[in-house]
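Reviewing the structure listed below.
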Amino acid sequence: MPWPCRRGYIFVHEPIAGNKAEQERRILARLAEERVDLVVLARYMQILTGDFVAAYPNRIINIH
(Lines give C-alpha, C1' and ligand atoms only; values in the text may rest on other atoms or scores of the structure.)
Protein backbone atom coordinates (compact mmCIF):
# COMPACT_ATOMS: atom_id res chain seq x y z
CA MET A 1 0.00 0.00 0.00
CA PRO A 2 1.47 3.42 -0.95
CA TRP A 3 2.33 5.55 2.08
CA PRO A 4 -0.25 8.28 1.28
CA CYS A 5 -3.02 5.67 1.64
CA ARG A 6 -1.70 4.64 5.04
CA ARG A 7 -2.20 8.23 6.13
CA GLY A 8 -5.75 8.54 4.78
CA TYR A 9 -4.96 10.25 1.48
CA ILE A 10 -6.23 9.10 -1.89
CA PHE A 11 -3.49 7.82 -4.19
CA VAL A 12 -4.15 7.47 -7.92
CA HIS A 13 -1.71 6.03 -10.43
CA GLU A 14 -2.75 6.20 -14.09
CA PRO A 15 -0.01 5.22 -16.52
CA ILE A 16 0.00 6.91 -19.90
CA ALA A 17 -0.84 4.28 -22.48
CA GLY A 18 -0.60 6.22 -25.72
CA ASN A 19 -3.51 8.60 -25.14
CA LYS A 20 -2.83 11.42 -22.69
CA ALA A 21 -6.33 12.90 -23.07
CA GLU A 22 -7.91 9.59 -22.07
CA GLN A 23 -5.52 9.28 -19.13
CA GLU A 24 -6.50 12.73 -17.88
CA ARG A 25 -10.21 11.92 -18.30
CA ARG A 26 -9.75 8.83 -16.12
CA ILE A 27 -7.91 10.84 -13.48
CA LEU A 28 -10.50 13.62 -13.48
CA ALA A 29 -13.32 11.08 -13.19
CA ARG A 30 -11.64 9.47 -10.18
CA LEU A 31 -10.98 12.83 -8.54
CA ALA A 32 -14.63 13.82 -9.02
CA GLU A 33 -15.79 10.46 -7.67
CA GLU A 34 -13.67 10.95 -4.55
CA ARG A 35 -14.75 14.62 -4.25
CA VAL A 36 -11.14 15.81 -4.14
CA ASP A 37 -10.52 19.48 -3.28
CA LEU A 38 -6.74 19.66 -3.73
CA VAL A 39 -4.54 17.79 -6.21
CA VAL A 40 -0.92 17.14 -5.22
CA LEU A 41 1.25 15.68 -7.97
CA ALA A 42 4.31 13.70 -6.92
CA ARG A 43 6.73 12.39 -9.54
CA TYR A 44 4.31 13.49 -12.25
CA MET A 45 6.60 14.62 -15.05
CA GLN A 46 3.99 15.44 -17.69
CA ILE A 47 2.48 18.75 -18.75
CA LEU A 48 -1.14 19.03 -17.69
CA THR A 49 -3.65 20.12 -20.31
CA GLY A 50 -5.62 23.32 -19.92
CA ASP A 51 -8.78 21.27 -19.39
CA PHE A 52 -7.24 19.47 -16.42
CA VAL A 53 -5.97 22.69 -14.84
CA ALA A 54 -9.35 24.37 -15.42
CA ALA A 55 -11.05 21.60 -13.45
CA TYR A 56 -8.95 22.47 -10.35
CA PRO A 57 -8.06 26.18 -10.62
CA ASN A 58 -5.53 27.24 -7.96
CA ARG A 59 -5.85 23.78 -6.38
CA ILE A 60 -2.96 21.85 -7.99
CA ILE A 61 0.46 21.47 -6.37
CA ASN A 62 3.28 19.71 -8.19
CA ILE A 63 6.04 18.60 -5.82
CA HIS A 64 7.90 16.51 -8.44
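Ligands are numbered from 1 in the order shown, residues from 1 within each chain, and chains are lettered A, B, ... in the order they appear in the C-alpha coordinates.
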| field | Contacts of Gln23 (chain A) within 12 Å, only C-alpha atoms, excl. fewer than 4 positions in-chain, as a PyMOL selection string | value | chain A and resi 12-19+27-30+46+48-49+52
| request: Run DSSP on the backbone and give me the residues of region 9-55 of chain A it puts in alpha helix (DSSP H), as a ChimeraX atom specification. | output: /A:20-33,50-55
| query | Among chain A, which residues carry a DSSP assignment of strand (DSSP E), reported as a ChimeraX atom specification? | reply | /A:39-41,60-62
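Our summary of the geometry notes that CA of Gly50 (chain A) is positioned 26.5 Å from CA of Pro4 (chain A).
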| task | Please identify all polymer residues within 12 Å of region 32-38 of chain A, counting only C-alpha atoms, omitting same-chain residues fewer than 2 positions from it, and present them as a PyMOL selection string. | result | chain A and resi 9-12+25-30+40-41+52-53+55-62
Restricted to N, CA and C atoms, what would the selected residues look like written as an mmCIF file, in the first residue's frame?
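Result went into part-v5.cif, see below:
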data_model
loop_
_atom_site.group_PDB
_atom_site.id
_atom_site.type_symbol
_atom_site.label_atom_id
_atom_site.label_comp_id
_atom_site.auth_asym_id
_atom_site.auth_seq_id
_atom_site.Cartn_x
_atom_site.Cartn_y
_atom_site.Cartn_z
ATOM 1 N N TYR A 9 -4.866 9.496 2.726
ATOM 2 C CA TYR A 9 -4.956 10.247 1.481
ATOM 3 C C TYR A 9 -5.315 9.314 0.330
ATOM 4 N N ILE A 10 -5.904 9.873 -0.695
ATOM 5 C CA ILE A 10 -6.232 9.104 -1.892
ATOM 6 C C ILE A 10 -5.014 9.115 -2.806
ATOM 7 N N PHE A 11 -4.628 7.959 -3.286
ATOM 8 C CA PHE A 11 -3.489 7.823 -4.191
ATOM 9 C C PHE A 11 -4.004 7.243 -5.501
ATOM 10 N N VAL A 12 -3.714 7.932 -6.605
ATOM 11 C CA VAL A 12 -4.151 7.474 -7.924
ATOM 12 C C VAL A 12 -2.927 7.354 -8.819
ATOM 13 N N ARG A 25 -8.771 12.125 -18.545
ATOM 14 C CA ARG A 25 -10.208 11.923 -18.299
ATOM 15 C C ARG A 25 -10.419 10.902 -17.176
ATOM 16 N N ARG A 26 -9.632 9.834 -17.183
ATOM 17 C CA ARG A 26 -9.750 8.827 -16.117
ATOM 18 C C ARG A 26 -9.382 9.425 -14.760
ATOM 19 N N ILE A 27 -8.321 10.213 -14.736
ATOM 20 C CA ILE A 27 -7.908 10.839 -13.477
ATOM 21 C C ILE A 27 -8.980 11.804 -12.992
ATOM 22 N N LEU A 28 -9.476 12.654 -13.877
ATOM 23 C CA LEU A 28 -10.502 13.620 -13.485
ATOM 24 C C LEU A 28 -11.765 12.925 -12.994
ATOM 25 N N ALA A 29 -12.138 11.832 -13.631
ATOM 26 C CA ALA A 29 -13.322 11.085 -13.194
ATOM 27 C C ALA A 29 -13.115 10.544 -11.780
ATOM 28 N N ARG A 30 -11.936 10.009 -11.522
ATOM 29 C CA ARG A 30 -11.642 9.470 -10.183
ATOM 30 C C ARG A 30 -11.615 10.577 -9.136
ATOM 31 N N VAL A 40 -2.364 17.049 -5.433
ATOM 32 C CA VAL A 40 -0.923 17.141 -5.219
ATOM 33 C C VAL A 40 -0.268 16.101 -6.116
ATOM 34 N N LEU A 41 0.569 16.563 -7.021
ATOM 35 C CA LEU A 41 1.248 15.682 -7.970
ATOM 36 C C LEU A 41 2.658 15.388 -7.462
ATOM 37 N N PHE A 52 -7.498 20.023 -17.752
ATOM 38 C CA PHE A 52 -7.242 19.468 -16.420
ATOM 39 C C PHE A 52 -7.066 20.599 -15.413
ATOM 40 N N VAL A 53 -6.235 21.574 -15.749
ATOM 41 C CA VAL A 53 -5.973 22.693 -14.844
ATOM 42 C C VAL A 53 -7.258 23.472 -14.571
ATOM 43 N N ALA A 55 -10.182 22.356 -14.353
ATOM 44 C CA ALA A 55 -11.050 21.601 -13.447
ATOM 45 C C ALA A 55 -10.687 21.839 -11.978
ATOM 46 N N TYR A 56 -9.431 22.240 -11.718
ATOM 47 C CA TYR A 56 -8.954 22.475 -10.351
ATOM 48 C C TYR A 56 -8.160 23.781 -10.284
ATOM 49 N N PRO A 57 -8.801 24.913 -10.593
ATOM 50 C CA PRO A 57 -8.060 26.182 -10.617
ATOM 51 C C PRO A 57 -7.501 26.536 -9.229
ATOM 52 N N ASN A 58 -6.223 26.862 -9.202
ATOM 53 C CA ASN A 58 -5.527 27.240 -7.964
ATOM 54 C C ASN A 58 -5.577 26.144 -6.904
ATOM 55 N N ARG A 59 -5.765 24.887 -7.332
ATOM 56 C CA ARG A 59 -5.848 23.778 -6.379
ATOM 57 C C ARG A 59 -4.988 22.600 -6.824
ATOM 58 N N ILE A 60 -3.892 22.893 -7.546
ATOM 59 C CA ILE A 60 -2.961 21.854 -7.988
ATOM 60 C C ILE A 60 -1.560 22.227 -7.509
ATOM 61 N N ILE A 61 -0.920 21.290 -6.830
ATOM 62 C CA ILE A 61 0.456 21.473 -6.370
ATOM 63 C C ILE A 61 1.287 20.351 -6.978
ATOM 64 N N ASN A 62 2.385 20.712 -7.622
ATOM 65 C CA ASN A 62 3.282 19.713 -8.193
ATOM 66 C C ASN A 62 4.580 19.728 -7.398
#
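The coordinates place CA of Ala21 (chain A) at 22.0 Å from CA of Ile63 (chain A).
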